[in-house]
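What follows is the content of final_5.csv, which has CSV, C-alpha atoms:
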```csv
chain,number,residue,atom,x,y,z
V,17,MET,CA,-13.5,8.3,9.2
V,18,ILE,CA,-10.2,9.2,10.9
V,19,SER,CA,-8.9,10.7,7.7
V,20,ALA,CA,-12.0,12.7,7.1
V,21,LEU,CA,-11.9,14.1,10.7
V,22,LEU,CA,-8.2,15.0,10.3
V,23,VAL,CA,-8.9,16.9,7.0
V,24,LEU,CA,-12.0,18.6,8.5
V,25,THR,CA,-10.0,19.8,11.6
V,26,ARG,CA,-7.0,20.7,9.4
V,27,PHE,CA,-4.9,18.5,11.6
V,28,GLU,CA,-3.6,16.2,8.8
V,29,GLY,CA,-0.2,18.0,8.6
V,30,ALA,CA,0.6,17.4,12.3
V,31,ALA,CA,-0.7,13.9,12.1
V,32,ALA,CA,1.5,13.2,9.0
V,33,LEU,CA,4.6,14.2,11.0
V,34,SER,CA,3.6,12.2,14.1
V,35,ALA,CA,2.1,9.1,12.5
V,36,GLY,CA,3.1,9.1,8.9
V,37,PHE,CA,5.9,6.7,7.7
V,38,ILE,CA,9.2,8.6,7.4
V,39,PRO,CA,11.8,6.5,5.7
V,40,ALA,CA,14.8,8.1,7.4
V,41,THR,CA,13.4,7.0,10.8
V,42,VAL,CA,14.0,3.4,10.0
V,43,ARG,CA,17.8,3.7,10.2
V,44,GLU,CA,17.5,5.9,13.4
V,45,ALA,CA,15.2,3.3,15.0
V,46,LEU,CA,17.6,0.5,14.2
V,47,ALA,CA,20.6,2.5,15.5
V,48,ASN,CA,18.8,3.7,18.6
V,49,PRO,CA,16.1,1.2,19.7
V,50,GLY,CA,15.5,3.2,22.9
V,51,GLY,CA,13.9,6.0,21.0
V,52,MET,CA,14.8,9.0,18.9
V,53,SER,CA,15.9,12.3,20.4
V,54,LEU,CA,13.3,14.8,19.4
V,55,PRO,CA,12.8,18.5,19.9
V,56,ASP,CA,10.4,19.5,22.7
V,57,GLY,CA,6.7,19.3,21.6
V,58,LEU,CA,7.3,16.8,18.8
V,59,TYR,CA,6.0,13.3,19.2
V,60,LEU,CA,6.5,10.4,16.8
V,61,LEU,CA,4.8,7.0,17.0
V,62,PRO,CA,7.2,4.0,17.0
V,63,THR,CA,8.6,3.5,13.5
V,64,TRP,CA,7.3,-0.1,13.3
V,65,LEU,CA,3.7,1.2,13.7
V,66,THR,CA,3.8,4.0,11.2
V,67,PRO,CA,3.3,1.9,8.0
V,68,PHE,CA,-0.1,1.1,9.4
V,69,THR,CA,-1.0,4.5,10.9
V,70,SER,CA,0.0,6.3,7.8
V,71,THR,CA,-2.9,4.6,5.9
V,72,LEU,CA,-5.3,6.5,8.2
V,73,ILE,CA,-4.0,10.0,7.2
V,74,HIS,CA,-4.6,11.6,3.8
V,75,GLY,CA,-3.6,15.0,2.3
V,76,GLY,CA,-7.1,16.3,1.6
V,77,PHE,CA,-10.5,15.0,0.5
V,78,LEU,CA,-9.4,14.3,-3.1
V,79,HIS,CA,-6.5,12.0,-1.9
V,80,LEU,CA,-9.0,10.2,0.4
V,81,ALA,CA,-11.6,9.9,-2.3
V,82,LEU,CA,-9.2,8.4,-4.8
V,83,ASN,CA,-8.0,5.8,-2.4
V,84,MET,CA,-11.5,4.9,-1.3
V,85,VAL,CA,-12.6,4.4,-4.9
V,86,MET,CA,-9.7,1.9,-5.4
V,87,LEU,CA,-10.4,0.2,-2.1
V,88,VAL,CA,-14.2,-0.1,-2.6
V,89,TYR,CA,-14.1,-1.2,-6.2
V,90,CYS,CA,-11.3,-3.7,-6.0
V,91,GLY,CA,-11.5,-4.5,-2.3
V,92,GLN,CA,-15.1,-5.6,-2.4
V,93,ARG,CA,-14.5,-8.2,-5.1
V,94,VAL,CA,-11.2,-9.4,-3.5
V,95,GLU,CA,-12.9,-9.7,-0.1
V,96,ARG,CA,-15.6,-12.0,-1.6
V,97,ALA,CA,-12.8,-14.2,-2.9
V,98,VAL,CA,-10.4,-14.3,0.0
V,99,GLY,CA,-12.8,-13.6,2.9
V,100,PRO,CA,-12.7,-11.0,5.7
V,101,ALA,CA,-9.5,-12.4,7.3
V,102,GLY,CA,-7.7,-12.5,3.9
V,103,PHE,CA,-8.9,-8.9,3.3
V,104,VAL,CA,-7.3,-7.7,6.6
V,105,VAL,CA,-4.1,-9.7,6.0
V,106,LEU,CA,-3.8,-8.2,2.5
V,107,PHE,CA,-4.4,-4.6,3.8
V,108,ILE,CA,-1.8,-4.9,6.6
V,109,VAL,CA,0.8,-6.7,4.5
V,110,GLY,CA,0.1,-4.2,1.7
V,111,ALA,CA,0.7,-1.3,4.0
V,112,TYR,CA,4.0,-2.6,5.3
V,113,ALA,CA,5.2,-3.6,1.8
V,114,ALA,CA,4.3,-0.1,0.7
V,115,ALA,CA,6.4,1.4,3.4
V,116,ALA,CA,9.3,-1.0,2.5
V,117,GLY,CA,9.0,0.0,-1.2
V,118,GLN,CA,9.1,3.7,-0.3
V,119,TRP,CA,12.1,3.1,2.0
V,120,ALA,CA,13.9,1.2,-0.7
V,121,LEU,CA,13.4,4.0,-3.2
V,122,ASP,CA,14.7,6.8,-0.8
V,123,PRO,CA,15.9,5.5,2.6
V,124,GLN,CA,17.1,9.0,3.6
V,125,SER,CA,13.8,10.8,2.9
V,126,LEU,CA,12.4,13.0,5.7
V,127,VAL,CA,9.1,13.4,3.9
V,128,PRO,CA,6.2,11.6,5.6
V,129,THR,CA,4.4,9.0,3.4
V,130,ILE,CA,0.7,9.1,4.1
V,131,GLY,CA,-2.4,7.6,2.6
V,132,ALA,CA,-3.8,4.1,1.9
V,133,SER,CA,-2.8,4.0,-1.8
V,134,GLY,CA,0.0,1.5,-1.1
V,135,ALA,CA,-2.4,-0.9,0.6
V,136,ALA,CA,-5.0,-0.1,-2.1
V,137,SER,CA,-2.4,-1.1,-4.7
V,138,ALA,CA,-2.2,-4.5,-3.1
V,139,PHE,CA,-6.0,-4.9,-3.8
V,140,VAL,CA,-5.6,-3.7,-7.4
V,141,ALA,CA,-2.9,-6.4,-7.9
V,142,ALA,CA,-5.0,-9.1,-6.2
V,143,TYR,CA,-8.0,-8.1,-8.3
V,144,ALA,CA,-6.0,-8.3,-11.5
V,145,MET,CA,-4.7,-11.7,-10.5
V,146,LEU,CA,-8.0,-13.2,-9.4
V,147,PHE,CA,-10.4,-11.7,-11.9
V,148,ALA,CA,-8.5,-11.5,-15.2
V,149,GLU,CA,-10.8,-12.6,-18.0
V,150,ARG,CA,-8.3,-13.6,-20.6
V,151,PRO,CA,-5.7,-16.4,-20.0
V,152,VAL,CA,-2.1,-15.4,-20.5
V,153,PRO,CA,-0.1,-17.9,-22.5
V,154,ALA,CA,3.1,-19.5,-21.1
V,155,ILE,CA,6.4,-18.4,-22.6
V,156,GLY,CA,8.5,-21.5,-23.2
V,157,PRO,CA,9.2,-23.1,-19.8
V,158,ILE,CA,7.8,-20.0,-17.9
V,159,PRO,CA,4.3,-20.9,-16.6
V,160,SER,CA,1.3,-18.8,-17.5
V,161,ARG,CA,0.8,-17.6,-13.8
V,162,VAL,CA,4.4,-16.3,-13.7
V,163,VAL,CA,4.0,-14.6,-17.1
V,164,ARG,CA,0.8,-12.9,-15.8
V,165,ILE,CA,2.6,-11.6,-12.7
V,166,ALA,CA,5.5,-10.3,-14.8
V,167,TRP,CA,3.2,-8.5,-17.2
V,168,LEU,CA,1.2,-7.0,-14.4
V,169,ALA,CA,4.3,-5.9,-12.5
V,170,ALA,CA,5.8,-4.3,-15.6
V,171,ALA,CA,2.6,-2.5,-16.4
V,172,TRP,CA,2.2,-1.1,-12.9
V,173,ILE,CA,5.8,0.0,-12.7
V,174,GLY,CA,5.5,1.7,-16.1
V,175,ILE,CA,2.3,3.5,-14.9
V,176,GLN,CA,4.1,4.6,-11.7
V,177,ALA,CA,7.1,5.8,-13.7
V,178,LEU,CA,4.8,8.0,-15.8
V,179,VAL,CA,3.1,9.3,-12.6
V,180,GLY,CA,6.5,10.0,-11.1
V,181,LEU,CA,7.4,12.1,-14.2
V,182,SER,CA,4.2,14.2,-13.8
V,183,SER,CA,4.9,14.8,-10.1
V,184,ALA,CA,8.5,15.7,-10.9
V,185,SER,CA,7.3,18.4,-13.3
V,186,GLY,CA,5.4,20.3,-10.6
V,187,GLY,CA,2.5,18.0,-9.7
V,188,PRO,CA,1.8,16.7,-6.2
V,189,VAL,CA,4.5,14.4,-4.6
V,190,ILE,CA,3.4,10.8,-5.1
V,191,ALA,CA,4.8,7.9,-3.2
V,192,ILE,CA,5.8,5.7,-6.2
V,193,GLY,CA,7.8,3.2,-4.1
V,194,ALA,CA,4.8,2.7,-1.9
V,195,HIS,CA,2.6,2.0,-4.8
V,196,ILE,CA,5.0,-0.5,-6.3
V,197,GLY,CA,5.6,-2.2,-2.9
V,198,GLY,CA,1.9,-2.6,-2.2
V,199,PHE,CA,1.3,-3.9,-5.7
V,200,ALA,CA,4.1,-6.5,-5.3
V,201,ALA,CA,2.4,-7.7,-2.0
V,202,GLY,CA,-0.9,-8.1,-3.8
V,203,LEU,CA,0.7,-10.1,-6.6
V,204,ALA,CA,2.4,-12.4,-4.1
V,205,LEU,CA,-0.5,-12.9,-1.8
V,206,ALA,CA,-3.6,-13.2,-4.1
V,207,ARG,CA,-3.4,-16.9,-4.8
V,208,PRO,CA,-2.1,-18.1,-1.4
V,209,LEU,CA,-4.9,-16.2,0.4
V,210,LEU,CA,-7.5,-17.7,-2.0
V,211,LEU,CA,-6.1,-21.2,-1.4
V,212,TRP,CA,-5.9,-20.6,2.4
V,213,ARG,CA,-9.5,-19.5,2.6
V,214,TYR,CA,-10.9,-22.5,0.7
V,215,ARG,CA,-8.6,-24.9,2.5
V,216,HIS,CA,-10.1,-23.7,5.8
V,217,ALA,CA,-13.7,-23.4,4.6
```
Could you rewrite the structure in this file as structure tokens?
Amino acid sequence: MISALLVLTRFEGAAALSAGFIPATVREALANPGGMSLPDGLYLLPTWLTPFTSTLIHGGFLHLALNMVMLVYCGQRVERAVGPAGFVVLFIVGAYAAAAGQWALDPQSLVPTIGASGAASAFVAAYAMLFAERPVPAIGPIPSRVVRIAWLAAAWIGIQALVGLSSASGGPVIAIGAHIGGFAAGLALARPLLLWRYRHA
């Protein structure tokens, strides 16, 4: 709803600067906890909050629609498995892991990261972990679950590398680090959230 209103009012650009996650602000926030010195008229939310607020801003209706399709398709099934509380935890941790992944990829970047695709990537990973139909065989002493995680991570990183090549050749700028960070959070949290829900049922 917030994203749609921002796009309709053409305010998404200003919102991205104020509430998007900007990797370079992390170092500034650590060096100057009292706040950043900003030009008159420019307001930034606290850096620690922007990994979440950035999920509420999208660069147009296509960007919003793609993220909503991922969230609805995978999120619905994952919520049934891990419950509403698990859904919220996965979304928030996915958003912060996405910001961490984007920061790790380019800590000096001044380009705002916006959109829920990093958090949505956490749901894609959790969906793949929880609803895979074929078992993955163990490789020697490496258990089946670890092999599944390694294959999923390798496949997702490969897909993101291809997406990165397409964006480097003139396509839209895509937050590859955010997608990888969110996906890693989903891989790590899928089973613990499932066990946590049924332990407290």
Residues within 12 Å of range 199-201 of chain V, only C-alpha atoms, excluding chain neighbours under 6 positions, as a CSV table (one decimal) with C-alpha atoms, keeping the file's coordinate frame:
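out_19.csv written:
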```csv
chain,number,residue,atom,x,y,z
V,105,VAL,CA,-4.1,-9.7,6.0
V,106,LEU,CA,-3.8,-8.2,2.5
V,107,PHE,CA,-4.4,-4.6,3.8
V,108,ILE,CA,-1.8,-4.9,6.6
V,109,VAL,CA,0.8,-6.7,4.5
V,110,GLY,CA,0.1,-4.2,1.7
V,111,ALA,CA,0.7,-1.3,4.0
V,112,TYR,CA,4.0,-2.6,5.3
V,113,ALA,CA,5.2,-3.6,1.8
V,114,ALA,CA,4.3,-0.1,0.7
V,115,ALA,CA,6.4,1.4,3.4
V,116,ALA,CA,9.3,-1.0,2.5
V,117,GLY,CA,9.0,0.0,-1.2
V,133,SER,CA,-2.8,4.0,-1.8
V,134,GLY,CA,0.0,1.5,-1.1
V,135,ALA,CA,-2.4,-0.9,0.6
V,136,ALA,CA,-5.0,-0.1,-2.1
V,137,SER,CA,-2.4,-1.1,-4.7
V,138,ALA,CA,-2.2,-4.5,-3.1
V,139,PHE,CA,-6.0,-4.9,-3.8
V,140,VAL,CA,-5.6,-3.7,-7.4
V,141,ALA,CA,-2.9,-6.4,-7.9
V,142,ALA,CA,-5.0,-9.1,-6.2
V,143,TYR,CA,-8.0,-8.1,-8.3
V,144,ALA,CA,-6.0,-8.3,-11.5
V,145,MET,CA,-4.7,-11.7,-10.5
V,165,ILE,CA,2.6,-11.6,-12.7
V,166,ALA,CA,5.5,-10.3,-14.8
V,168,LEU,CA,1.2,-7.0,-14.4
V,169,ALA,CA,4.3,-5.9,-12.5
V,170,ALA,CA,5.8,-4.3,-15.6
V,171,ALA,CA,2.6,-2.5,-16.4
V,172,TRP,CA,2.2,-1.1,-12.9
V,173,ILE,CA,5.8,0.0,-12.7
V,175,ILE,CA,2.3,3.5,-14.9
V,176,GLN,CA,4.1,4.6,-11.7
V,192,ILE,CA,5.8,5.7,-6.2
V,193,GLY,CA,7.8,3.2,-4.1
V,207,ARG,CA,-3.4,-16.9,-4.8
V,208,PRO,CA,-2.1,-18.1,-1.4
V,209,LEU,CA,-4.9,-16.2,0.4
```
Closest of V:Val189, V:Leu33, V:Leu61, V:Leu82 to Ala132 in chain V, counting all atoms listed in the file, is V:Leu82
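Contact shell of Leu80 in chain V at 9 Å (all atoms listed in the file; same-chain neighbours under 6 positions omitted): Ser19, Ala20, Ile73, His74, Gly131 and Ala132 of chain V.
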So which residues touch Leu60 in chain V within 8 Å, counting only C-alpha atoms, skipping near sequence neighbours fewer than 2 positions away, as a PDB file with C-alpha atoms, keeping the file's coordinate frame?
```
ATOM      1  CA  LEU V  33       4.600  14.200  11.000  1.00  0.00           C
ATOM      2  CA  SER V  34       3.600  12.200  14.100  1.00  0.00           C
ATOM      3  CA  ALA V  35       2.100   9.100  12.500  1.00  0.00           C
ATOM      4  CA  LEU V  58       7.300  16.800  18.800  1.00  0.00           C
ATOM      5  CA  PRO V  62       7.200   4.000  17.000  1.00  0.00           C
ATOM      6  CA  THR V  63       8.600   3.500  13.500  1.00  0.00           C
TER       7      THR V  63
END
```
Calculated over all atoms listed in the file, which of the candidates V:Ile130, V:Arg96, V:Glu44, V:Phe27 has the smallest distance to Phe68 in chain V?
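When distances to Phe68 in chain V are compared using all atoms listed in the file, the smallest one comes from V:Ile130.
Nearest to Ala194 in chain V of all the residues V:Leu146, V:Leu126, V:Leu24, V:Ala120 is V:Ala120, based on all atoms listed in the file.
CA of Leu21 in chain V sits 25.6 Å away from CA of Pro100 in chain V.
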